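This is entry22.txt. It holds compact mmCIF, C-alpha atoms and all ligand atoms.
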```
# COMPACT_ATOMS: atom_id res chain seq x y z
CA MET A 1 -1.76 12.68 45.70
CA GLN A 2 0.76 14.99 44.11
CA ASP A 3 1.98 12.15 41.88
CA LEU A 4 -1.53 11.24 40.85
CA ALA A 5 -2.26 14.82 39.80
CA THR A 6 1.01 15.06 37.89
CA ASN A 7 0.31 11.76 36.15
CA ASN A 8 -3.07 12.96 35.01
CA LEU A 9 -1.57 16.12 33.62
CA THR A 10 1.08 14.22 31.70
CA LYS A 11 -1.11 11.44 30.37
CA PRO A 12 -0.73 11.19 26.59
CA VAL A 13 -3.76 12.01 24.43
CA ILE A 14 -2.41 9.60 21.80
CA SER A 15 -0.63 6.44 22.85
CA ALA A 16 0.43 3.60 20.54
CA ARG A 17 2.03 0.39 21.82
CA ASN A 18 3.36 -2.29 19.51
CA LEU A 19 0.87 -1.20 16.91
CA ASN A 20 0.93 -3.31 13.74
CA HIS A 21 -1.24 -2.94 10.68
CA TYR A 22 -1.85 -5.15 7.66
CA PHE A 23 -3.58 -4.64 4.33
CA GLY A 24 -5.03 -7.50 2.29
CA GLU A 25 -5.49 -11.14 3.16
CA GLY A 26 -3.89 -14.51 2.47
CA ASN A 27 -1.05 -14.38 -0.06
CA LEU A 28 -1.71 -10.70 -0.63
CA LYS A 29 -1.43 -9.76 3.04
CA LYS A 30 1.09 -6.99 3.45
CA GLN A 31 2.30 -5.41 6.68
CA ALA A 32 2.21 -1.60 6.53
CA LEU A 33 3.04 -0.73 10.16
CA PHE A 34 5.54 -2.52 12.43
CA ASP A 35 5.59 -2.20 16.21
CA ILE A 36 4.78 1.48 16.44
CA ASN A 37 5.33 2.98 19.90
CA LEU A 38 4.47 6.64 20.28
CA ASP A 39 3.08 8.97 22.95
CA ILE A 40 1.78 12.43 22.11
CA TYR A 41 0.73 14.86 24.83
CA ALA A 42 -1.90 17.60 25.15
CA GLY A 43 -0.98 20.77 23.30
CA GLU A 44 1.98 19.22 21.45
CA ILE A 45 2.54 19.88 17.76
CA VAL A 46 4.15 16.79 16.25
CA ILE A 47 5.22 16.56 12.63
CA MET A 48 5.61 13.15 11.00
CA THR A 49 7.86 12.93 7.95
CA GLY A 50 9.31 10.09 5.89
CA PRO A 51 9.42 8.76 2.34
CA SER A 52 6.38 8.04 0.25
CA GLY A 53 4.79 4.72 1.14
CA SER A 54 6.39 4.57 4.59
CA GLY A 55 3.03 4.31 6.37
CA LYS A 56 2.38 7.88 7.55
CA THR A 57 -1.18 8.15 6.24
CA THR A 58 -2.00 4.66 7.48
CA LEU A 59 -0.93 5.64 10.99
CA LEU A 60 -2.77 8.96 10.81
CA THR A 61 -6.03 7.32 9.69
CA LEU A 62 -5.78 4.75 12.49
CA MET A 63 -5.27 7.54 15.03
CA GLY A 64 -8.24 9.43 13.61
CA GLY A 65 -10.56 6.44 13.98
CA LEU A 66 -10.96 6.34 10.18
CA ARG A 67 -10.02 2.65 10.14
CA SER A 68 -9.89 0.17 13.00
CA ALA A 69 -6.70 -0.85 14.72
CA GLN A 70 -5.96 -4.56 14.33
CA ALA A 71 -3.02 -5.52 16.53
CA GLY A 72 -1.22 -3.98 19.48
CA SER A 73 -2.76 -1.08 21.35
CA LEU A 74 -3.83 2.38 20.25
CA LYS A 75 -5.38 4.66 22.83
CA ILE A 76 -6.81 7.98 21.74
CA LEU A 77 -8.20 10.24 24.48
CA ASP A 78 -8.14 7.24 26.80
CA ARG A 79 -10.17 5.01 24.47
CA GLU A 80 -8.71 1.75 23.23
CA LEU A 81 -9.22 1.57 19.46
CA ARG A 82 -8.10 -1.98 18.86
CA ASP A 83 -11.20 -3.87 17.77
CA ALA A 84 -13.32 -0.75 18.38
CA SER A 85 -16.85 -0.87 16.94
CA LYS A 86 -18.07 1.49 14.23
CA GLN A 87 -20.13 3.38 16.82
CA GLU A 88 -17.10 3.84 19.08
CA LEU A 89 -15.03 5.12 16.16
CA THR A 90 -17.82 7.52 15.14
CA LYS A 91 -18.02 8.87 18.68
CA LEU A 92 -14.28 9.39 18.82
CA ARG A 93 -14.28 11.27 15.52
CA GLY A 94 -16.42 13.98 17.13
CA ASN A 95 -13.37 14.94 19.22
CA ILE A 96 -10.98 15.18 16.30
CA GLY A 97 -10.52 17.85 13.63
CA TYR A 98 -9.22 16.79 10.21
CA ILE A 99 -7.34 18.85 7.64
CA PHE A 100 -6.36 17.31 4.33
CA GLN A 101 -4.34 18.29 1.30
CA ALA A 102 -7.47 18.69 -0.75
CA HIS A 103 -9.35 20.98 1.62
CA ASN A 104 -12.57 18.94 1.06
CA LEU A 105 -14.83 21.95 1.37
CA LEU A 106 -18.34 21.70 -0.02
CA THR A 107 -18.06 23.99 -3.01
CA PHE A 108 -21.80 24.76 -3.22
CA LEU A 109 -21.76 26.19 0.30
CA THR A 110 -20.25 29.46 1.48
CA ALA A 111 -17.19 29.64 3.73
CA LYS A 112 -19.44 30.33 6.71
CA GLN A 113 -21.82 27.47 5.88
CA ASN A 114 -18.88 25.05 5.58
CA VAL A 115 -17.64 26.03 9.05
CA ARG A 116 -21.14 26.04 10.51
CA MET A 117 -21.80 22.54 9.24
CA SER A 118 -19.05 21.09 11.39
CA LEU A 119 -20.69 22.70 14.46
CA GLU A 120 -24.07 21.21 13.56
CA LEU A 121 -22.59 17.75 14.07
CA HIS A 122 -22.13 18.42 17.80
CA ASP A 123 -25.07 18.31 20.21
CA ARG A 124 -23.22 20.51 22.65
CA PHE A 125 -23.50 23.53 20.35
CA LEU A 126 -27.23 23.21 19.63
CA GLU A 127 -28.12 26.16 21.86
CA ARG A 128 -25.33 28.39 20.58
CA ASP A 129 -25.38 30.98 17.83
CA LEU A 130 -23.60 28.91 15.19
CA ASP A 131 -23.38 31.73 12.65
CA ALA A 132 -21.67 33.94 15.22
CA MET A 133 -19.20 31.16 16.11
CA ALA A 134 -18.43 30.53 12.44
CA THR A 135 -17.99 34.24 11.75
CA GLU A 136 -15.70 34.62 14.75
CA ILE A 137 -13.29 31.89 13.70
CA LEU A 138 -13.34 33.05 10.06
CA THR A 139 -12.30 36.47 11.38
CA THR A 140 -9.47 34.84 13.33
CA VAL A 141 -8.16 33.23 10.13
CA GLY A 142 -8.45 36.58 8.32
CA LEU A 143 -11.47 35.74 6.17
CA GLU A 144 -14.20 37.93 7.64
CA GLN A 145 -14.62 39.64 4.25
CA ARG A 146 -14.99 36.26 2.53
CA ALA A 147 -17.44 34.58 4.94
CA ASP A 148 -20.31 34.69 2.45
CA TYR A 149 -18.28 33.71 -0.62
CA TYR A 150 -18.84 30.27 -2.08
CA ALA A 151 -15.90 27.96 -1.39
CA ASP A 152 -15.44 27.57 -5.13
CA SER A 153 -14.61 31.24 -5.56
CA LEU A 154 -11.79 31.30 -2.97
CA SER A 155 -8.06 30.90 -3.67
CA GLY A 156 -6.23 27.73 -2.61
CA GLY A 157 -4.77 29.41 0.47
CA GLN A 158 -8.15 30.86 1.45
CA LYS A 159 -9.83 27.46 1.05
CA GLN A 160 -7.22 25.88 3.30
CA ARG A 161 -7.82 28.62 5.88
CA VAL A 162 -11.54 27.81 5.80
CA ALA A 163 -10.62 24.13 6.27
CA ILE A 164 -8.51 25.09 9.30
CA ALA A 165 -11.36 27.18 10.71
CA ARG A 166 -13.74 24.27 10.13
CA ALA A 167 -11.42 21.79 11.87
CA LEU A 168 -10.81 24.02 14.91
CA VAL A 169 -14.15 25.79 15.44
CA SER A 170 -15.47 23.02 17.70
CA HIS A 171 -12.30 23.12 19.85
CA PRO A 172 -11.31 19.49 19.23
CA LYS A 173 -8.72 17.91 21.52
CA ILE A 174 -6.77 16.62 18.52
CA VAL A 175 -6.25 17.87 14.96
CA LEU A 176 -4.86 15.49 12.34
CA ALA A 177 -3.47 17.09 9.22
CA ASP A 178 -2.29 15.18 6.14
CA GLU A 179 -0.09 17.24 3.80
CA PRO A 180 -1.99 20.47 4.54
CA THR A 181 0.44 22.63 2.52
CA ALA A 182 0.92 20.33 -0.48
CA ALA A 183 -1.40 22.26 -2.79
CA LEU A 184 -0.23 25.70 -1.64
CA ASP A 185 2.52 28.08 -2.65
CA LYS A 186 5.28 28.81 -0.14
CA LYS A 187 3.68 31.84 1.50
CA SER A 188 0.14 30.44 1.69
CA GLY A 189 1.50 27.16 3.10
CA ARG A 190 3.48 28.96 5.74
CA ASP A 191 0.52 31.18 6.67
CA ALA A 192 -1.75 28.14 6.92
CA VAL A 193 0.47 26.19 9.32
CA GLU A 194 1.23 29.26 11.42
CA LEU A 195 -2.51 29.75 11.80
CA MET A 196 -2.92 26.13 12.86
CA GLN A 197 -0.11 26.58 15.35
CA LYS A 198 -1.61 29.77 16.80
CA LEU A 199 -5.13 28.35 17.16
CA ALA A 200 -3.88 25.07 18.59
CA LYS A 201 -1.76 26.80 21.23
CA GLU A 202 -4.71 29.03 22.18
CA GLN A 203 -6.98 25.99 22.53
CA ASP A 204 -4.40 23.59 24.01
CA CYS A 205 -5.13 21.31 21.08
CA THR A 206 -2.72 18.57 19.98
CA ILE A 207 -1.69 18.56 16.33
CA LEU A 208 -0.26 15.63 14.42
CA LEU A 209 0.77 16.76 10.96
CA VAL A 210 2.11 14.60 8.14
CA THR A 211 4.23 16.47 5.61
CA HIS A 212 6.98 16.30 3.01
CA ASP A 213 7.35 20.07 3.24
CA ASN A 214 10.70 20.82 4.90
CA ARG A 215 9.86 24.52 5.03
CA ILE A 216 7.36 24.04 7.86
CA LEU A 217 9.29 21.66 10.12
CA ASP A 218 10.16 24.49 12.52
CA ILE A 219 6.56 24.88 13.72
CA ALA A 220 6.77 21.46 15.40
CA ASP A 221 7.55 20.85 19.07
CA ARG A 222 8.77 17.42 17.97
CA ILE A 223 9.46 15.65 14.68
CA VAL A 224 9.03 11.91 14.22
CA TYR A 225 10.34 10.03 11.22
CA MET A 226 8.78 7.02 9.56
CA GLU A 227 10.51 4.57 7.23
CA ASP A 228 9.27 1.24 5.86
CA GLY A 229 6.40 1.17 8.35
CA ARG A 230 8.63 1.82 11.36
CA LEU A 231 9.18 4.88 13.51
CA MET A 232 12.90 5.69 13.41
CA ASP A 233 15.27 8.10 15.04
CA ARG A 234 15.50 11.05 12.76
CA PRO A 235 18.30 10.77 10.22
CA GLU A 236 21.06 13.37 10.47
CA THR A 237 20.42 16.30 8.18
CA ASN A 238 23.30 18.38 6.91
N1 LIG B 1 -5.89 0.56 1.19
C1 LIG B 1 -4.71 -0.02 1.01
N2 LIG B 1 -4.61 -1.28 0.54
C2 LIG B 1 -3.42 -1.90 0.36
N3 LIG B 1 -2.23 -1.32 0.63
C3 LIG B 1 -2.25 -0.07 1.10
C4 LIG B 1 -3.49 0.65 1.31
N4 LIG B 1 -3.19 1.89 1.81
C5 LIG B 1 -1.84 1.93 1.89
N5 LIG B 1 -1.28 0.77 1.48
C6 LIG B 1 0.16 0.44 1.45
O1 LIG B 1 0.69 0.68 2.74
C7 LIG B 1 1.96 1.30 2.67
C8 LIG B 1 1.93 2.63 3.41
O2 LIG B 1 1.12 3.56 2.71
P1 LIG B 1 0.80 5.02 3.26
O3 LIG B 1 -0.18 5.66 2.33
O4 LIG B 1 0.43 4.93 4.68
O5 LIG B 1 2.24 5.72 3.10
P2 LIG B 1 2.61 7.27 3.24
O6 LIG B 1 3.88 7.32 4.02
O7 LIG B 1 1.45 8.04 3.75
O8 LIG B 1 2.89 7.67 1.72
P3 LIG B 1 2.73 9.11 0.98
O9 LIG B 1 3.76 9.99 1.61
O10 LIG B 1 3.02 8.79 -0.45
O11 LIG B 1 1.31 9.57 1.21
C9 LIG B 1 2.28 1.44 1.20
O12 LIG B 1 3.08 0.35 0.81
C10 LIG B 1 0.93 1.38 0.53
O13 LIG B 1 1.04 0.85 -0.76
```

Could you write out this file's structure as structure tokens?
Ligand SMILES: Nc1ncnc2c1ncn2[C@@H]1O[C@H](COP(=O)(O)OP(=O)(O)OP(=O)(O)O)[C@@H](O)[C@H]1O
Amino acid sequence: MQDLATNNLTKPVISARNLNHYFGEGNLKKQALFDINLDIYAGEIVIMTGPSGSGKTTLLTLMGGLRSAQAGSLKILDRELRDASKQELTKLRGNIGYIFQAHNLLTFLTAKQNVRMSLELHDRFLERDLDAMATEILTTVGLEQRADYYADSLSGGQKQRVAIARALVSHPKIVLADEPTAALDKKSGRDAVELMQKLAKEQDCTILLVTHDNRILDIADRIVYMEDGRLMDRPETN
């Protein structure tokens, strides 16, 4: 029984086995991912780095259920995504928070309305005071004074903090972040990832973050390196 309990605790939330991915068809078919094997556990912060075009975004979008897995196995929160239907992918996406380089806020809504909207997508919050939840997380990210500002009128760093609040307000099991600091200056970028780290640790949320930004590598529990569509041992840095 002990072993069973331990196994459950250490089961990965993301598990890829011999995952391959192709774009195009016929003569134009091109392999973008080769035999990816990767396990990521609850509460881990994993950073994925590697040169441009190495397949990082492709892998991230597969893990986020934003495109379907074609070959091999990809299990997210115990669901097999290979050949998953659109409905299955949609259901999975409700358990995942997304943060992108371009914050993707709706500029004609306020900070609070942007955060609130992500709660409205979940049936489990229907009975809750969504404004209070949105205000609370905006306070956590230091934006209580800006809650009623339109997204358009916020600075880049503030917008990204709203995007972080929006991704984490529903307490997702997994947050996927693609170049979250790319549009930010050094200090705002650092603040943004430290906030993600703090919130994720509080919520026992797993973060997988793709970045070229060497200045934030230290927030990771583990760094994985991608090259030419393959996960590699990390090259020596000097
Ligand atoms: N929709 C697509 N159709 C065809 N090829 C694609 C498509 N998306 C990506 N690719 C190709 O797959 C490979 C991996 O691209 P991907 O965007 O995953 O790399 P990346 O490591 O995220 O790059 P970057 O760091 O520049 O964002 C590249 O050769 C790219 O040209």

Grab me every residue within 12 Å of ligand LIG 1 (chain B), counting only C-alpha atoms and all ligand atoms, and send it over as a compact mmCIF listing (two decimals) with C-alpha atoms, in the frame of the given file.
```txt
# COMPACT_ATOMS: atom_id res chain seq x y z
CA ASN A 20 0.93 -3.31 13.74
CA HIS A 21 -1.24 -2.94 10.68
CA TYR A 22 -1.85 -5.15 7.66
CA PHE A 23 -3.58 -4.64 4.33
CA GLY A 24 -5.03 -7.50 2.29
CA GLU A 25 -5.49 -11.14 3.16
CA LEU A 28 -1.71 -10.70 -0.63
CA LYS A 29 -1.43 -9.76 3.04
CA LYS A 30 1.09 -6.99 3.45
CA GLN A 31 2.30 -5.41 6.68
CA ALA A 32 2.21 -1.60 6.53
CA LEU A 33 3.04 -0.73 10.16
CA PHE A 34 5.54 -2.52 12.43
CA MET A 48 5.61 13.15 11.00
CA THR A 49 7.86 12.93 7.95
CA GLY A 50 9.31 10.09 5.89
CA PRO A 51 9.42 8.76 2.34
CA SER A 52 6.38 8.04 0.25
CA GLY A 53 4.79 4.72 1.14
CA SER A 54 6.39 4.57 4.59
CA GLY A 55 3.03 4.31 6.37
CA LYS A 56 2.38 7.88 7.55
CA THR A 57 -1.18 8.15 6.24
CA THR A 58 -2.00 4.66 7.48
CA LEU A 59 -0.93 5.64 10.99
CA LEU A 60 -2.77 8.96 10.81
CA THR A 61 -6.03 7.32 9.69
CA LEU A 62 -5.78 4.75 12.49
CA LEU A 66 -10.96 6.34 10.18
CA ARG A 67 -10.02 2.65 10.14
CA PHE A 100 -6.36 17.31 4.33
CA GLN A 101 -4.34 18.29 1.30
CA ALA A 177 -3.47 17.09 9.22
CA ASP A 178 -2.29 15.18 6.14
CA GLU A 179 -0.09 17.24 3.80
CA PRO A 180 -1.99 20.47 4.54
CA ALA A 182 0.92 20.33 -0.48
CA LEU A 209 0.77 16.76 10.96
CA VAL A 210 2.11 14.60 8.14
CA THR A 211 4.23 16.47 5.61
CA HIS A 212 6.98 16.30 3.01
CA ASP A 213 7.35 20.07 3.24
CA TYR A 225 10.34 10.03 11.22
CA MET A 226 8.78 7.02 9.56
CA GLU A 227 10.51 4.57 7.23
CA ASP A 228 9.27 1.24 5.86
CA GLY A 229 6.40 1.17 8.35
CA ARG A 230 8.63 1.82 11.36
CA LEU A 231 9.18 4.88 13.51
```

Listing only residues of stretch 55-169 of chain A within 10 Å of stretch 39-47 of chain A, what is the closest atom pair and its distance in Å (to one decimal) for each, using all atoms listed in the file, sorted by chain and residue number ascending, as a Markdown table?
```
| residue | atom | partner | partner_atom | distance |
| --- | --- | --- | --- | --- |
| A:Leu74 | CA | A:Asp39 | CA | 9.9 |
| A:Lys75 | CA | A:Asp39 | CA | 9.5 |
| A:Ile76 | CA | A:Ile40 | CA | 9.7 |
| A:Leu77 | CA | A:Ala42 | CA | 9.7 |
```

Go ahead and write the selection's residues with C-alpha atoms as an mmCIF file, in the frame of the given file.
```cif
data_model
loop_
_atom_site.group_PDB
_atom_site.id
_atom_site.type_symbol
_atom_site.label_atom_id
_atom_site.label_comp_id
_atom_site.auth_asym_id
_atom_site.auth_seq_id
_atom_site.Cartn_x
_atom_site.Cartn_y
_atom_site.Cartn_z
ATOM 1 C CA LEU A 74 -3.830 2.380 20.250
ATOM 2 C CA LYS A 75 -5.380 4.660 22.830
ATOM 3 C CA ILE A 76 -6.810 7.980 21.740
ATOM 4 C CA LEU A 77 -8.200 10.240 24.480
#
```

8 Å contact set for A:Asp83, only C-alpha atoms, chain neighbours under 6 positions out, as a PyMOL selection string: chain A and resi 68-70

Choose the residue, out of A:Val13, A:Ile223, A:Leu105, A:Ile164, that has the smallest atom-to-atom separation from A:Leu195; count all atoms listed in the file. A:Ile164

With all atoms listed in the file as the counted atoms, please give the residues lying no more than 10 Å from A:Ser170, apart from itself and same-chain residues fewer than 6 positions off, as a PyMOL selection string. chain A and resi 94-97+115-116+118-122+124-125+133-134+137

Which distance in Å separates atom CA of A:Gly157 and atom CA of A:Gly189, to one decimal? 7.2 Å

I need every residue sitting at most 6 Å from the point (-8.1, 24.2, 15.4) (coordinates as in the file, only C-alpha atoms considered), written as JSON, numbers by chain. {"A": [167, 168, 199, 200]}

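Reported to one decimal place, the separation of atom CA of A:Gln145 from atom CA of A:Ala165 is 14.4 Å.
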
Between atom CA of A:Ala111 and atom CA of A:Arg146, distance in Å (one decimal): 7.1 Å

Best match for closeness to A:Pro12 among A:Asp204, A:Thr110, A:Asp78, A:Val141, counting all atoms listed in the file: A:Asp78

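For the set A:Val175, A:Leu217, A:Leu154, A:Val224, the residue with the smallest atom-to-atom gap to A:Arg190 is A:Leu217, counting all atoms listed in the file.
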
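Nearest residue to A:Met117 among A:Thr135, A:Asp233, A:Arg166, A:Tyr150 is A:Arg166, counting only C-alpha atoms.
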
Spatial neighbours of A:Gln197, max dist 8 Å, all atoms listed in the file, sep filter under 4 positions, as a PyMOL selection string: chain A and resi 45+193+201+219

Would you pick out the contacts of A:Asp185 at 12 Å or less, using all atoms listed in the file, so that residues sharing its chain but fewer than 6 positions from it are not included, and give the list as a PyMOL selection string? chain A and resi 155-158+160+191-192+213+215
